[in-house]
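Okay, final_36.pdb now, which holds PDB, C-alpha atoms, pLDDT in the B column:
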```pdb
ATOM      1  CA  MET A  14      71.325  87.316 110.334  1.00 52.00           C
ATOM      2  CA  ARG A  15      69.960  83.922 109.371  1.00 52.00           C
ATOM      3  CA  LEU A  16      72.977  81.878 110.427  1.00 48.00           C
ATOM      4  CA  ARG A  17      72.996  78.099 110.270  1.00 49.00           C
ATOM      5  CA  THR A  18      75.274  75.221 109.466  1.00 44.00           C
ATOM      6  CA  ILE A  19      75.333  74.050 105.886  1.00 44.00           C
ATOM      7  CA  GLY A  20      72.509  71.639 105.145  1.00 44.00           C
ATOM      8  CA  THR A  21      72.228  68.234 103.534  1.00 38.00           C
ATOM      9  CA  LEU A  22      72.359  69.430  99.924  1.00 40.00           C
ATOM     10  CA  VAL A  23      75.584  71.302 100.451  1.00 44.00           C
ATOM     11  CA  LEU A  24      77.026  68.559 102.619  1.00 41.00           C
ATOM     12  CA  ALA A  25      76.740  66.255  99.645  1.00 38.00           C
ATOM     13  CA  LEU A  26      79.433  68.349  97.989  1.00 45.00           C
ATOM     14  CA  LEU A  27      81.870  68.028 100.902  1.00 46.00           C
ATOM     15  CA  PRO A  28      84.687  67.301 101.069  1.00 45.00           C
ATOM     16  CA  VAL A  29      86.430  67.109  97.705  1.00 43.00           C
ATOM     17  CA  LEU A  30      90.043  66.026  97.495  1.00 38.00           C
ATOM     18  CA  VAL A  31      92.162  68.002  95.042  1.00 40.00           C
ATOM     19  CA  SER A  32      95.879  67.852  94.368  1.00 36.00           C
ATOM     20  CA  ALA A  33      97.798  71.060  94.907  1.00 36.00           C
ATOM     21  CA  ALA A  34     100.322  70.147  92.236  1.00 35.00           C
ATOM     22  CA  GLY A  35      98.647  67.860  89.756  1.00 40.00           C
ATOM     23  CA  GLY A  36      98.394  64.644  91.749  1.00 41.00           C
ATOM     24  CA  THR A  37      99.915  62.877  94.702  1.00 40.00           C
ATOM     25  CA  ALA A  38     102.765  61.146  92.908  1.00 42.00           C
ATOM     26  CA  GLY A  39     106.175  61.736  94.393  1.00 43.00           C
ATOM     27  CA  GLY A  40     104.761  62.793  97.762  1.00 43.00           C
ATOM     28  CA  ARG A  41     103.180  65.956  96.471  1.00 46.00           C
ATOM     29  CA  GLU A  42     100.939  67.699  98.929  1.00 53.00           C
ATOM     30  CA  ARG A  43      97.269  66.943  98.788  1.00 52.00           C
ATOM     31  CA  ILE A  44      94.779  69.615  99.835  1.00 57.00           C
ATOM     32  CA  VAL A  45      91.238  69.013 100.995  1.00 63.00           C
ATOM     33  CA  ASP A  46      88.682  71.420  99.566  1.00 79.00           C
ATOM     34  CA  GLY A  47      85.043  71.934 100.430  1.00 89.00           C
ATOM     35  CA  ILE A  48      82.380  74.566 100.916  1.00 93.00           C
ATOM     36  CA  VAL A  49      82.849  76.300 104.268  1.00 94.00           C
ATOM     37  CA  ALA A  50      80.215  79.031 103.871  1.00 94.00           C
ATOM     38  CA  VAL A  51      77.379  80.203 101.643  1.00 94.00           C
ATOM     39  CA  VAL A  52      76.489  83.898 101.831  1.00 94.00           C
ATOM     40  CA  ASN A  53      73.281  84.847 100.017  1.00 90.00           C
ATOM     41  CA  SER A  54      74.078  82.078  97.485  1.00 87.00           C
ATOM     42  CA  ARG A  55      77.734  83.162  97.200  1.00 90.00           C
ATOM     43  CA  ILE A  56      80.023  80.207  97.947  1.00 93.00           C
ATOM     44  CA  ILE A  57      83.245  80.376  99.967  1.00 95.00           C
ATOM     45  CA  THR A  58      85.440  77.293  99.771  1.00 94.00           C
ATOM     46  CA  LEU A  59      88.157  76.058 102.084  1.00 94.00           C
ATOM     47  CA  ILE A  60      90.705  76.743  99.340  1.00 94.00           C
ATOM     48  CA  ASP A  61      89.454  80.357  99.140  1.00 95.00           C
ATOM     49  CA  VAL A  62      90.113  80.792 102.850  1.00 94.00           C
ATOM     50  CA  GLN A  63      93.512  79.099 102.658  1.00 93.00           C
ATOM     51  CA  VAL A  64      94.679  81.142  99.640  1.00 95.00           C
ATOM     52  CA  VAL A  65      93.609  84.409 101.253  1.00 95.00           C
ATOM     53  CA  GLU A  66      95.410  83.422 104.452  1.00 93.00           C
ATOM     54  CA  ALA A  67      98.553  82.177 102.705  1.00 93.00           C
ATOM     55  CA  PHE A  68      99.017  85.392 100.715  1.00 95.00           C
ATOM     56  CA  GLY A  69      97.775  87.821 103.363  1.00 92.00           C
ATOM     57  CA  ILE A  70      94.878  89.145 101.265  1.00 93.00           C
ATOM     58  CA  VAL A  71      92.944  90.274 104.342  1.00 84.00           C
ATOM     59  CA  GLU A  72      93.894  92.916 106.857  1.00 70.00           C
ATOM     60  CA  GLY A  73      93.801  92.736 110.609  1.00 56.00           C
ATOM     61  CA  SER A  74      93.542  88.992 111.173  1.00 51.00           C
ATOM     62  CA  PRO A  75      95.402  88.020 114.360  1.00 49.00           C
ATOM     63  CA  ALA A  76      98.556  85.975 113.878  1.00 50.00           C
ATOM     64  CA  LEU A  77      98.752  82.532 115.447  1.00 48.00           C
ATOM     65  CA  PRO A  78     101.725  81.638 117.711  1.00 46.00           C
ATOM     66  CA  GLY A  79     103.333  79.485 115.011  1.00 49.00           C
ATOM     67  CA  GLY A  80     102.725  82.030 112.261  1.00 52.00           C
ATOM     68  CA  GLY A  81      99.860  82.277 109.811  1.00 58.00           C
ATOM     69  CA  ARG A  82      96.367  83.530 110.567  1.00 70.00           C
ATOM     70  CA  ASP A  83      93.278  82.195 112.286  1.00 84.00           C
ATOM     71  CA  LEU A  84      91.259  80.653 109.440  1.00 90.00           C
ATOM     72  CA  ARG A  85      87.945  81.295 111.216  1.00 91.00           C
ATOM     73  CA  ASP A  86      88.819  84.989 111.421  1.00 92.00           C
ATOM     74  CA  VAL A  87      89.767  84.960 107.730  1.00 93.00           C
ATOM     75  CA  LEU A  88      86.429  83.311 106.915  1.00 94.00           C
ATOM     76  CA  GLU A  89      84.543  85.960 108.892  1.00 94.00           C
ATOM     77  CA  LYS A  90      86.255  88.697 106.891  1.00 94.00           C
ATOM     78  CA  LEU A  91      85.407  86.952 103.603  1.00 95.00           C
ATOM     79  CA  ILE A  92      81.774  86.671 104.704  1.00 95.00           C
ATOM     80  CA  SER A  93      81.716  90.411 105.410  1.00 94.00           C
ATOM     81  CA  GLN A  94      83.183  91.074 101.968  1.00 93.00           C
ATOM     82  CA  LYS A  95      80.451  89.007 100.321  1.00 93.00           C
ATOM     83  CA  VAL A  96      77.604  90.886 102.008  1.00 93.00           C
ATOM     84  CA  VAL A  97      79.091  94.203 100.891  1.00 91.00           C
ATOM     85  CA  LEU A  98      79.549  92.911  97.333  1.00 87.00           C
ATOM     86  CA  ASP A  99      75.851  92.086  97.195  1.00 85.00           C
ATOM     87  CA  LEU A 100      75.197  95.843  97.212  1.00 80.00           C
ATOM     88  CA  VAL A 101      77.075  96.263  93.935  1.00 75.00           C
ATOM     89  CA  ARG A 102      75.772  92.969  92.526  1.00 73.00           C
ATOM     90  CA  GLY A 103      79.277  91.493  92.402  1.00 56.00           C
ATOM     91  CA  ARG A 104      80.535  94.220  90.055  1.00 61.00           C
ATOM     92  CA  SER A 105      84.213  94.941  90.646  1.00 60.00           C
ATOM     93  CA  THR A 106      84.798  98.471  91.859  1.00 69.00           C
ATOM     94  CA  ALA A 107      88.563  98.076  92.198  1.00 79.00           C
ATOM     95  CA  ASP A 108      90.932 100.114  90.057  1.00 85.00           C
ATOM     96  CA  PRO A 109      92.883  97.633  87.853  1.00 90.00           C
ATOM     97  CA  ALA A 110      96.090  99.559  88.521  1.00 92.00           C
ATOM     98  CA  ARG A 111      95.567  99.159  92.279  1.00 92.00           C
ATOM     99  CA  VAL A 112      94.943  95.452  91.797  1.00 93.00           C
ATOM    100  CA  GLU A 113      98.214  95.016  89.912  1.00 94.00           C
ATOM    101  CA  ALA A 114     100.087  97.079  92.488  1.00 95.00           C
ATOM    102  CA  GLU A 115      98.655  95.005  95.336  1.00 95.00           C
ATOM    103  CA  ILE A 116      99.650  91.725  93.682  1.00 95.00           C
ATOM    104  CA  GLU A 117     103.165  93.076  93.205  1.00 95.00           C
ATOM    105  CA  ARG A 118     103.215  94.208  96.852  1.00 95.00           C
ATOM    106  CA  ILE A 119     102.263  90.694  97.960  1.00 94.00           C
ATOM    107  CA  THR A 120     105.019  89.193  95.810  1.00 94.00           C
ATOM    108  CA  ALA A 121     107.588  91.685  97.093  1.00 95.00           C
ATOM    109  CA  ARG A 122     106.611  91.014 100.705  1.00 94.00           C
ATOM    110  CA  LEU A 123     106.902  87.238 100.370  1.00 94.00           C
ATOM    111  CA  GLY A 124     109.757  87.203  97.855  1.00 95.00           C
ATOM    112  CA  GLU A 125     109.663  85.500  94.471  1.00 94.00           C
ATOM    113  CA  GLU A 126     110.783  82.125  95.801  1.00 95.00           C
ATOM    114  CA  GLU A 127     108.251  81.954  98.624  1.00 96.00           C
ATOM    115  CA  THR A 128     105.489  83.295  96.363  1.00 96.00           C
ATOM    116  CA  GLY A 129     106.250  80.534  93.872  1.00 96.00           C
ATOM    117  CA  ARG A 130     106.237  77.899  96.610  1.00 95.00           C
ATOM    118  CA  ARG A 131     102.842  78.999  97.890  1.00 95.00           C
ATOM    119  CA  LEU A 132     101.369  79.200  94.393  1.00 96.00           C
ATOM    120  CA  ALA A 133     102.627  75.673  93.703  1.00 95.00           C
ATOM    121  CA  ARG A 134     101.026  74.430  96.908  1.00 93.00           C
ATOM    122  CA  PHE A 135      97.608  75.350  95.514  1.00 93.00           C
ATOM    123  CA  GLY A 136      98.430  74.582  91.879  1.00 93.00           C
ATOM    124  CA  ILE A 137      97.655  78.163  90.789  1.00 94.00           C
ATOM    125  CA  GLY A 138      99.402  81.027  89.044  1.00 94.00           C
ATOM    126  CA  LYS A 139      99.851  84.622  90.131  1.00 93.00           C
ATOM    127  CA  ASP A 140      96.899  85.708  87.974  1.00 93.00           C
ATOM    128  CA  ASP A 141      94.665  83.442  90.058  1.00 95.00           C
ATOM    129  CA  LEU A 142      95.174  85.829  92.985  1.00 96.00           C
ATOM    130  CA  ARG A 143      93.467  88.588  91.037  1.00 94.00           C
ATOM    131  CA  PRO A 144      89.826  87.777  91.985  1.00 93.00           C
ATOM    132  CA  TYR A 145      90.719  87.727  95.681  1.00 95.00           C
ATOM    133  CA  VAL A 146      92.566  91.041  95.464  1.00 95.00           C
ATOM    134  CA  GLU A 147      89.805  92.596  93.336  1.00 92.00           C
ATOM    135  CA  GLU A 148      87.210  91.627  95.925  1.00 91.00           C
ATOM    136  CA  LYS A 149      89.216  93.011  98.830  1.00 93.00           C
ATOM    137  CA  LEU A 150      90.014  96.313  97.116  1.00 92.00           C
ATOM    138  CA  GLY A 151      86.500  96.571  95.699  1.00 89.00           C
ATOM    139  CA  VAL A 152      85.000  96.350  99.166  1.00 90.00           C
ATOM    140  CA  GLU A 153      87.477  98.947 100.438  1.00 89.00           C
ATOM    141  CA  THR A 154      86.383 101.246  97.606  1.00 88.00           C
ATOM    142  CA  VAL A 155      82.688 100.816  98.420  1.00 89.00           C
ATOM    143  CA  ILE A 156      83.319 101.616 102.080  1.00 89.00           C
ATOM    144  CA  ALA A 157      85.509 104.626 101.283  1.00 86.00           C
ATOM    145  CA  GLU A 158      82.914 106.066  98.915  1.00 85.00           C
ATOM    146  CA  ARG A 159      80.137 105.532 101.433  1.00 87.00           C
ATOM    147  CA  PHE A 160      81.855 107.033 104.471  1.00 87.00           C
ATOM    148  CA  SER A 161      84.495 109.472 103.208  1.00 78.00           C
ATOM    149  CA  ARG A 162      82.040 112.382 103.117  1.00 79.00           C
ATOM    150  CA  SER A 163      80.165 111.540 106.307  1.00 84.00           C
ATOM    151  CA  VAL A 164      83.191 111.278 108.605  1.00 90.00           C
ATOM    152  CA  THR A 165      84.236 114.605 110.123  1.00 93.00           C
ATOM    153  CA  VAL A 166      87.097 115.403 112.482  1.00 95.00           C
ATOM    154  CA  SER A 167      86.999 118.465 114.729  1.00 96.00           C
ATOM    155  CA  LEU A 168      89.943 120.545 115.883  1.00 97.00           C
ATOM    156  CA  ASP A 169      89.105 119.580 119.475  1.00 97.00           C
ATOM    157  CA  GLU A 170      89.504 115.896 118.563  1.00 97.00           C
ATOM    158  CA  ILE A 171      92.896 116.578 116.992  1.00 97.00           C
ATOM    159  CA  GLU A 172      94.070 118.597 119.986  1.00 97.00           C
ATOM    160  CA  THR A 173      92.944 115.823 122.352  1.00 97.00           C
ATOM    161  CA  ARG A 174      94.774 113.213 120.279  1.00 97.00           C
ATOM    162  CA  TYR A 175      97.923 115.386 120.323  1.00 97.00           C
ATOM    163  CA  ARG A 176      97.767 115.959 124.078  1.00 97.00           C
ATOM    164  CA  GLU A 177      96.662 112.534 125.286  1.00 97.00           C
ATOM    165  CA  ARG A 178      98.339 110.190 122.824  1.00 97.00           C
ATOM    166  CA  TYR A 179     100.956 111.836 120.634  1.00 97.00           C
ATOM    167  CA  LEU A 180     102.855 113.722 123.346  1.00 97.00           C
ATOM    168  CA  PRO A 181     103.029 110.799 125.856  1.00 97.00           C
ATOM    169  CA  ALA A 182     104.089 108.375 123.096  1.00 97.00           C
ATOM    170  CA  GLU A 183     106.903 110.631 121.882  1.00 97.00           C
ATOM    171  CA  GLN A 184     108.133 111.341 125.388  1.00 96.00           C
ATOM    172  CA  ALA A 185     108.063 107.653 126.321  1.00 97.00           C
ATOM    173  CA  ALA A 186     110.175 106.914 123.234  1.00 96.00           C
ATOM    174  CA  GLY A 187     112.701 109.586 124.229  1.00 96.00           C
ATOM    175  CA  ARG A 188     111.917 111.750 121.200  1.00 96.00           C
ATOM    176  CA  THR A 189     111.276 115.485 121.104  1.00 96.00           C
ATOM    177  CA  PRO A 190     107.593 115.994 120.162  1.00 96.00           C
ATOM    178  CA  ARG A 191     106.902 118.023 117.060  1.00 96.00           C
ATOM    179  CA  PRO A 192     104.839 121.229 117.423  1.00 97.00           C
ATOM    180  CA  PHE A 193     101.073 120.735 117.233  1.00 97.00           C
ATOM    181  CA  LEU A 194     100.682 122.478 113.867  1.00 96.00           C
ATOM    182  CA  GLU A 195     103.184 120.100 112.276  1.00 97.00           C
ATOM    183  CA  THR A 196     101.170 117.064 113.341  1.00 97.00           C
ATOM    184  CA  VAL A 197      97.634 118.227 112.481  1.00 97.00           C
ATOM    185  CA  ASP A 198      97.361 116.487 109.112  1.00 97.00           C
ATOM    186  CA  VAL A 199      98.776 113.176 110.364  1.00 97.00           C
ATOM    187  CA  LEU A 200      96.627 113.121 113.503  1.00 97.00           C
ATOM    188  CA  GLU A 201      93.514 114.086 111.551  1.00 96.00           C
ATOM    189  CA  GLY A 202      94.184 111.210 109.150  1.00 95.00           C
ATOM    190  CA  GLU A 203      94.560 108.743 112.021  1.00 96.00           C
ATOM    191  CA  ILE A 204      91.296 109.847 113.601  1.00 96.00           C
ATOM    192  CA  ARG A 205      89.478 109.760 110.272  1.00 93.00           C
ATOM    193  CA  VAL A 206      90.643 106.198 109.600  1.00 91.00           C
ATOM    194  CA  GLU A 207      89.513 105.068 113.051  1.00 94.00           C
ATOM    195  CA  LYS A 208      86.091 106.715 112.783  1.00 94.00           C
ATOM    196  CA  THR A 209      85.578 105.352 109.276  1.00 92.00           C
ATOM    197  CA  ALA A 210      86.461 101.847 110.485  1.00 91.00           C
ATOM    198  CA  ALA A 211      84.057 102.123 113.420  1.00 93.00           C
ATOM    199  CA  GLN A 212      81.174 103.324 111.249  1.00 93.00           C
ATOM    200  CA  SER A 213      81.825 100.827 108.476  1.00 93.00           C
ATOM    201  CA  ASN A 214      82.040  97.943 110.978  1.00 93.00           C
ATOM    202  CA  LEU A 215      78.583  98.816 112.313  1.00 94.00           C
ATOM    203  CA  TRP A 216      77.258  99.073 108.745  1.00 94.00           C
ATOM    204  CA  VAL A 217      78.725  95.727 107.691  1.00 94.00           C
ATOM    205  CA  GLN A 218      77.339  94.119 110.842  1.00 94.00           C
ATOM    206  CA  SER A 219      73.868  95.388 109.948  1.00 94.00           C
ATOM    207  CA  LEU A 220      74.257  93.899 106.460  1.00 93.00           C
ATOM    208  CA  ARG A 221      75.278  90.576 107.983  1.00 94.00           C
ATOM    209  CA  GLU A 222      72.208  90.592 110.220  1.00 93.00           C
ATOM    210  CA  GLN A 223      70.017  90.803 107.103  1.00 92.00           C
ATOM    211  CA  ALA A 224      71.972  88.185 105.170  1.00 92.00           C
ATOM    212  CA  GLU A 225      71.469  84.442 104.937  1.00 93.00           C
ATOM    213  CA  ILE A 226      74.736  82.863 106.022  1.00 94.00           C
ATOM    214  CA  GLU A 227      75.481  79.153 106.236  1.00 93.00           C
ATOM    215  CA  ILE A 228      78.789  77.950 107.659  1.00 92.00           C
ATOM    216  CA  ARG A 229      80.759  74.746 108.243  1.00 88.00           C
ATOM    217  CA  PRO A 230      83.543  75.886 110.594  1.00 78.00           C
ATOM    218  CA  GLU A 231      84.795  72.395 111.415  1.00 79.00           C
ATOM    219  CA  LEU A 232      86.515  72.256 108.005  1.00 79.00           C
ATOM    220  CA  LEU A 233      88.759  75.119 109.111  1.00 75.00           C
ATOM    221  CA  ILE A 234      90.682  73.045 111.652  1.00 70.00           C
ATOM    222  CA  GLN A 235      94.334  73.284 110.645  1.00 54.00           C
TER     223      GLN A 235
END
```
Now that the file is in, can you turn its structure into structure tokens?
Amino acid sequence: MRLRTIGTLVLALLPVLVSAAGGTAGGRERIVDGIVAVVNSRIITLIDVQVVEAFGIVEGSPALPGGGRDLRDVLEKLISQKVVLDLVRGRSTADPARVEAEIERITARLGEEETGRRLARFGIGKDDLRPYVEEKLGVETVIAERFSRSVTVSLDEIETRYRERYLPAEQAAGRTPRPFLETVDVLEGEIRVEKTAAQSNLWVQSLREQAEIEIRPELLIQ
């Protein structure tokens, strides 16, 4: 991976002050924007990172003590998404119905009032979340298509999971464990998800090592 801080040309574009709600009159919040990363010529701005964090459009980012997510971790996930998208030349591979359902899920999770407050903070509408959701789901689709056929789960792996993890967990919780045959499908699914994640993480890392990535992490300080 050719990783370096953003150079003089890009620095000339940083930072740019933009109003989150059409100006600063009346004490309205002002948000600082700027380019925080360039991935094979694909730009990621500070606002991109903040929107994705604010609406939870990435999975697995660790929560900070006061709530919210680590913006550097969010940026790393967006960088990984960009290198995968380069394989499909930026073409969206996300099902439009899934995109709509995900946006509705985000709204339901936050509630209409909180969703509106966060949209107003950035001066955007709900439709402006679509590109972020499309990118996330598109990358998930690419990974699923690439690894769904190559990941196999043996009966021995399922039996080991049942014996070493399922049974102790149920007993510790004071529940009566279900018979092995009733848990096969669930345990197989868990193992398949884990193995797919492990393989895809290695694949994405290899893509990142071949990519040209420029970053400016100091803009991520909250």
ask   = Using the chain letters and numbers from the file, which residues does the PyMOL selection byres ((chain A and resi 160) around 10) grab, as a PyMOL selection string?
value = chain A and resi 155-159+161-165+205+208-210+212-213
Could the residues in this selection be written to a file with C-alpha atoms, as a compact mmCIF listing (two decimals), in the frame of the given file?
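Wrote selection-v6.txt, looks like this:
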```txt
# COMPACT_ATOMS: atom_id res chain seq x y z
CA VAL A 155 82.69 100.82 98.42
CA ILE A 156 83.32 101.62 102.08
CA ALA A 157 85.51 104.63 101.28
CA GLU A 158 82.91 106.07 98.92
CA ARG A 159 80.14 105.53 101.43
CA SER A 161 84.50 109.47 103.21
CA ARG A 162 82.04 112.38 103.12
CA SER A 163 80.17 111.54 106.31
CA VAL A 164 83.19 111.28 108.60
CA THR A 165 84.24 114.60 110.12
CA ARG A 205 89.48 109.76 110.27
CA LYS A 208 86.09 106.72 112.78
CA THR A 209 85.58 105.35 109.28
CA ALA A 210 86.46 101.85 110.48
CA GLN A 212 81.17 103.32 111.25
CA SER A 213 81.82 100.83 108.48
```
inquiry  = Assuming the chain letters and numbering stay as they are in my file, what does the PyMOL selection byres ((chain A and resi 95) around 12) actually select? List them as a PyMOL selection string.
reply    = chain A and resi 50-57+88-94+96-105+145+148-149+151-152+217+220-221+224-226
Selection from above, C-alpha atoms, as a PDB file, in the coordinates of the input, can you write it?
```pdb
ATOM      1  CA  ALA A  50      80.215  79.031 103.871  1.00 94.00           C
ATOM      2  CA  VAL A  51      77.379  80.203 101.643  1.00 94.00           C
ATOM      3  CA  VAL A  52      76.489  83.898 101.831  1.00 94.00           C
ATOM      4  CA  ASN A  53      73.281  84.847 100.017  1.00 90.00           C
ATOM      5  CA  SER A  54      74.078  82.078  97.485  1.00 87.00           C
ATOM      6  CA  ARG A  55      77.734  83.162  97.200  1.00 90.00           C
ATOM      7  CA  ILE A  56      80.023  80.207  97.947  1.00 93.00           C
ATOM      8  CA  ILE A  57      83.245  80.376  99.967  1.00 95.00           C
ATOM      9  CA  LEU A  88      86.429  83.311 106.915  1.00 94.00           C
ATOM     10  CA  GLU A  89      84.543  85.960 108.892  1.00 94.00           C
ATOM     11  CA  LYS A  90      86.255  88.697 106.891  1.00 94.00           C
ATOM     12  CA  LEU A  91      85.407  86.952 103.603  1.00 95.00           C
ATOM     13  CA  ILE A  92      81.774  86.671 104.704  1.00 95.00           C
ATOM     14  CA  SER A  93      81.716  90.411 105.410  1.00 94.00           C
ATOM     15  CA  GLN A  94      83.183  91.074 101.968  1.00 93.00           C
ATOM     16  CA  VAL A  96      77.604  90.886 102.008  1.00 93.00           C
ATOM     17  CA  VAL A  97      79.091  94.203 100.891  1.00 91.00           C
ATOM     18  CA  LEU A  98      79.549  92.911  97.333  1.00 87.00           C
ATOM     19  CA  ASP A  99      75.851  92.086  97.195  1.00 85.00           C
ATOM     20  CA  LEU A 100      75.197  95.843  97.212  1.00 80.00           C
ATOM     21  CA  VAL A 101      77.075  96.263  93.935  1.00 75.00           C
ATOM     22  CA  ARG A 102      75.772  92.969  92.526  1.00 73.00           C
ATOM     23  CA  GLY A 103      79.277  91.493  92.402  1.00 56.00           C
ATOM     24  CA  ARG A 104      80.535  94.220  90.055  1.00 61.00           C
ATOM     25  CA  SER A 105      84.213  94.941  90.646  1.00 60.00           C
ATOM     26  CA  TYR A 145      90.719  87.727  95.681  1.00 95.00           C
ATOM     27  CA  GLU A 148      87.210  91.627  95.925  1.00 91.00           C
ATOM     28  CA  LYS A 149      89.216  93.011  98.830  1.00 93.00           C
ATOM     29  CA  GLY A 151      86.500  96.571  95.699  1.00 89.00           C
ATOM     30  CA  VAL A 152      85.000  96.350  99.166  1.00 90.00           C
ATOM     31  CA  VAL A 217      78.725  95.727 107.691  1.00 94.00           C
ATOM     32  CA  LEU A 220      74.257  93.899 106.460  1.00 93.00           C
ATOM     33  CA  ARG A 221      75.278  90.576 107.983  1.00 94.00           C
ATOM     34  CA  ALA A 224      71.972  88.185 105.170  1.00 92.00           C
ATOM     35  CA  GLU A 225      71.469  84.442 104.937  1.00 93.00           C
ATOM     36  CA  ILE A 226      74.736  82.863 106.022  1.00 94.00           C
TER      37      ILE A 226
END
```
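Here CA of Phe193 in chain A is placed at a distance of 6.9 Å from CA of Tyr175 in chain A.
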I need the residue set behind the PyMOL selection byres ((chain A and resi 203) around 12) for this file; please write it as an mmCIF file with C-alpha atoms, in the frame of the given file.
```cif
data_model
loop_
_atom_site.group_PDB
_atom_site.id
_atom_site.type_symbol
_atom_site.label_atom_id
_atom_site.label_comp_id
_atom_site.auth_asym_id
_atom_site.auth_seq_id
_atom_site.Cartn_x
_atom_site.Cartn_y
_atom_site.Cartn_z
ATOM 1 C CA VAL A 166 87.097 115.403 112.482
ATOM 2 C CA GLU A 170 89.504 115.896 118.563
ATOM 3 C CA ILE A 171 92.896 116.578 116.992
ATOM 4 C CA ARG A 174 94.774 113.213 120.279
ATOM 5 C CA TYR A 175 97.923 115.386 120.323
ATOM 6 C CA ARG A 178 98.339 110.190 122.824
ATOM 7 C CA TYR A 179 100.956 111.836 120.634
ATOM 8 C CA THR A 196 101.170 117.064 113.341
ATOM 9 C CA VAL A 197 97.634 118.227 112.481
ATOM 10 C CA ASP A 198 97.361 116.487 109.112
ATOM 11 C CA VAL A 199 98.776 113.176 110.364
ATOM 12 C CA LEU A 200 96.627 113.121 113.503
ATOM 13 C CA GLU A 201 93.514 114.086 111.551
ATOM 14 C CA GLY A 202 94.184 111.210 109.150
ATOM 15 C CA ILE A 204 91.296 109.847 113.601
ATOM 16 C CA ARG A 205 89.478 109.760 110.272
ATOM 17 C CA VAL A 206 90.643 106.198 109.600
ATOM 18 C CA GLU A 207 89.513 105.068 113.051
ATOM 19 C CA LYS A 208 86.091 106.715 112.783
ATOM 20 C CA THR A 209 85.578 105.352 109.276
ATOM 21 C CA ALA A 210 86.461 101.847 110.485
#
```
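Computed from the coordinates, the CA of Ala67 in chain A to CA of Leu215 in chain A distance equals 27.7 Å.
What separates CA of Arg122 in chain A from CA of Val87 in chain A is a distance of 19.2 Å.
Shortest separation to Thr128 in chain A among A:Ala114, A:Val49, A:Leu194, A:Val64 occurs at residue A:Val64, atoms counted being only C-alpha atoms.
Of the residues under consideration (A:Arg134, A:Arg191, A:Lys139, A:Arg85), A:Lys139 shows the shortest atom-to-atom contact distance to Thr120 in chain A when counting all atoms listed in the file.
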inquiry  = Set the distance at 7 Å and use only C-alpha atoms: which residues neighbour Leu59 in chain A once local chain neighbours fewer than 3 positions away are removed? I'd like the list as a PyMOL selection string.
reply    = chain A and resi 46-49+62-63
request  = May I have the protein, DNA and RNA residues with any atom at most 10 Å from the point (103.5, 77.0, 97.9), counting all atoms listed in the file, written as a PyMOL selection string?
outcome  = chain A and resi 33-34+42+64+67-68+126-137
